[in-house]
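Notes to accompany the following structure.
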Amino acid sequence: MGMKSSLILGILGLIPFFVIAISCFIVPPEQDVYNLLIFIFLSYAAIISSFLGGIQWGLITAASDKLYYVFFPLLISTLPALVAWAALLLLGTSLKISLILVISSFICSSIHDYFLYTSKVTPYWFLNIRVPLTIAVILLSGIMYIFIS
C-alpha cells in the first residue's frame, strides 16, 4: 500500500513542475509574470528538496538501530534543504546559479537515497519511485536552465 500511495503522490507532485515549465515557454520573457513563474518554480523545487531531506531524516531516525553511525547520515539529509535555500537567496543575483543549486540539491538527495537503500533503511521499492521522479525534476530544471534568458 505504501508503494502505490507514494507513487501516486510523487507523480502528482510533478504536476507543478510541468505546469510552471510549460507556462515559462508560453509567457514571453519580457513580461513580469515570467520572473514570477521562475520564482515559483525555484520555490517549489526548494520546498520539495526540503521535503525529501525530511523524508530521509525520518527514515534515519526510525532505523537508527540499523546504522552504525547516525550523525553523518542525518547531517547529509539536511544538505538538500540548505542548498535549495541558497538557491532562493541567490535568485535575485543569478537564475542560472539558482537552477544549478536546485539541481545539485536533488542530485545530493538521490545519492543519499541510494546510501540509505544500501544500508537497508528504505523499503525495497523506494528507489524505484524516487529515481524516476528525481530524473524528471532534474530534466525539467535543466530545460529551464537552457531556456531562461
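Following the order of the C-alpha cells, chains are lettered A, B, ..., residues in each are numbered from 1, and ligands are numbered from 1.
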
List as an mmCIF file with N, CA and C atoms, in the first residue's frame the protein and nucleic acid residues near segment 27-31 of chain A, meaning an atom at most 12 Å away when only C-alpha atoms are counted, but skip any in the same chain fewer than 6 places from it.
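Saved as around_35.cif:
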data_model
loop_
_atom_site.group_PDB
_atom_site.id
_atom_site.type_symbol
_atom_site.label_atom_id
_atom_site.label_comp_id
_atom_site.auth_asym_id
_atom_site.auth_seq_id
_atom_site.Cartn_x
_atom_site.Cartn_y
_atom_site.Cartn_z
ATOM 1 N N ILE A 20 4.448 24.822 -14.503
ATOM 2 C CA ILE A 20 5.242 26.054 -14.444
ATOM 3 C C ILE A 20 6.240 26.101 -15.602
ATOM 4 N N ALA A 21 6.892 24.983 -15.892
ATOM 5 C CA ALA A 21 7.859 24.962 -17.003
ATOM 6 C C ALA A 21 7.169 25.277 -18.329
ATOM 7 N N LEU A 37 7.002 33.327 -12.536
ATOM 8 C CA LEU A 37 6.973 31.886 -12.799
ATOM 9 C C LEU A 37 8.296 31.224 -12.437
ATOM 10 N N ILE A 38 9.407 31.867 -12.772
ATOM 11 C CA ILE A 38 10.730 31.332 -12.410
ATOM 12 C C ILE A 38 10.856 31.246 -10.889
ATOM 13 N N PHE A 147 16.808 27.401 -21.288
ATOM 14 C CA PHE A 147 15.938 28.335 -21.974
ATOM 15 C C PHE A 147 15.692 29.662 -21.267
ATOM 16 N N ILE A 148 16.191 29.840 -20.032
ATOM 17 C CA ILE A 148 15.963 31.135 -19.403
ATOM 18 C C ILE A 148 16.851 32.185 -20.045
ATOM 19 N N SER A 149 16.355 33.376 -20.054
ATOM 20 C CA SER A 149 17.125 34.443 -20.715
ATOM 21 C C SER A 149 18.022 35.168 -19.732
#

Practice item. Would you mind listing what lies within 9 Å of segment 119-134 of chain A as a list in words, with only C-alpha atoms counted and same-chain residues fewer than 6 positions away left out? Key: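 In the requested form, the answer reads Met3, Ser6, Leu7, Gly10, Ile11, Gly13, Leu14, Gln56, Leu59, Ile60, Ala62, Ala63, Ser64, Lys66, Leu67, Phe106, Ile107, Ser109, Ser110 and Asp113 of chain A.
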
Output file for the selection above: C-alpha atoms, as a PDB file, in the first residue's frame:
ATOM      1  CA  MET A   3       4.360   1.997  -2.637  1.00  0.00           C
ATOM      2  CA  SER A   6       3.903   7.123  -2.708  1.00  0.00           C
ATOM      3  CA  LEU A   7       3.906   6.669  -6.466  1.00  0.00           C
ATOM      4  CA  GLY A  10       5.004  11.556  -6.282  1.00  0.00           C
ATOM      5  CA  ILE A  11       3.506  11.821  -9.760  1.00  0.00           C
ATOM      6  CA  GLY A  13       3.984  16.326  -7.084  1.00  0.00           C
ATOM      7  CA  LEU A  14       5.477  16.594 -10.581  1.00  0.00           C
ATOM      8  CA  GLN A  56      15.492  10.961   4.822  1.00  0.00           C
ATOM      9  CA  LEU A  59      13.869   7.164   7.770  1.00  0.00           C
ATOM     10  CA  ILE A  60      17.232   7.553   9.514  1.00  0.00           C
ATOM     11  CA  ALA A  62      13.271   5.353  12.527  1.00  0.00           C
ATOM     12  CA  ALA A  63      16.061   2.946  11.588  1.00  0.00           C
ATOM     13  CA  SER A  64      18.826   4.332  13.774  1.00  0.00           C
ATOM     14  CA  LYS A  66      20.399  -0.376  11.690  1.00  0.00           C
ATOM     15  CA  LEU A  67      23.023   2.326  11.138  1.00  0.00           C
ATOM     16  CA  PHE A 106      18.163  16.837  -5.990  1.00  0.00           C
ATOM     17  CA  ILE A 107      21.331  15.001  -7.043  1.00  0.00           C
ATOM     18  CA  SER A 109      19.286  13.762  -2.228  1.00  0.00           C
ATOM     19  CA  SER A 110      19.365  10.920  -4.777  1.00  0.00           C
ATOM     20  CA  ASP A 113      18.705   7.872  -1.031  1.00  0.00           C
TER      21      ASP A 113
END

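Residues surrounding Ile22 of chain A within 10 Å are Pro16, Leu140 and Met144 of chain A [only C-alpha atoms; sequence separation below 6 positions excluded].
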
Practice item. Please provide as a list in words all residues within 9 Å of segment 96-103 of chain A, with the sequence filter that same-chain residues fewer than 5 positions apart are discarded (counting only C-alpha atoms). Key: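 The residues that qualify are Leu42, Ala45, Ala46, Ser49, Pro80, Val83, Ala84, Trp85, Ala86, Ala87, Leu88, Leu89, Leu90, Leu91, Cys108, Val137, Ile138, Leu139, Ser141, Gly142, Met144, Tyr145, Ile146 and Ile148 of chain A.
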
Review point. Atom CA of Phe51 of chain A to atom CA of Tyr117 of chain A: how many Å, to one decimal?
Key: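 According to the coordinates, atom CA of Phe51 of chain A and atom CA of Tyr117 of chain A are separated by 17.7 Å.
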
Practice item. Can you check which residues of chain A DSSP gives as alpha helix (DSSP H) on the backbone and send them as a PyMOL selection string? Key: chain A and resi 2-26+32-62+71-89+95-118+126-147
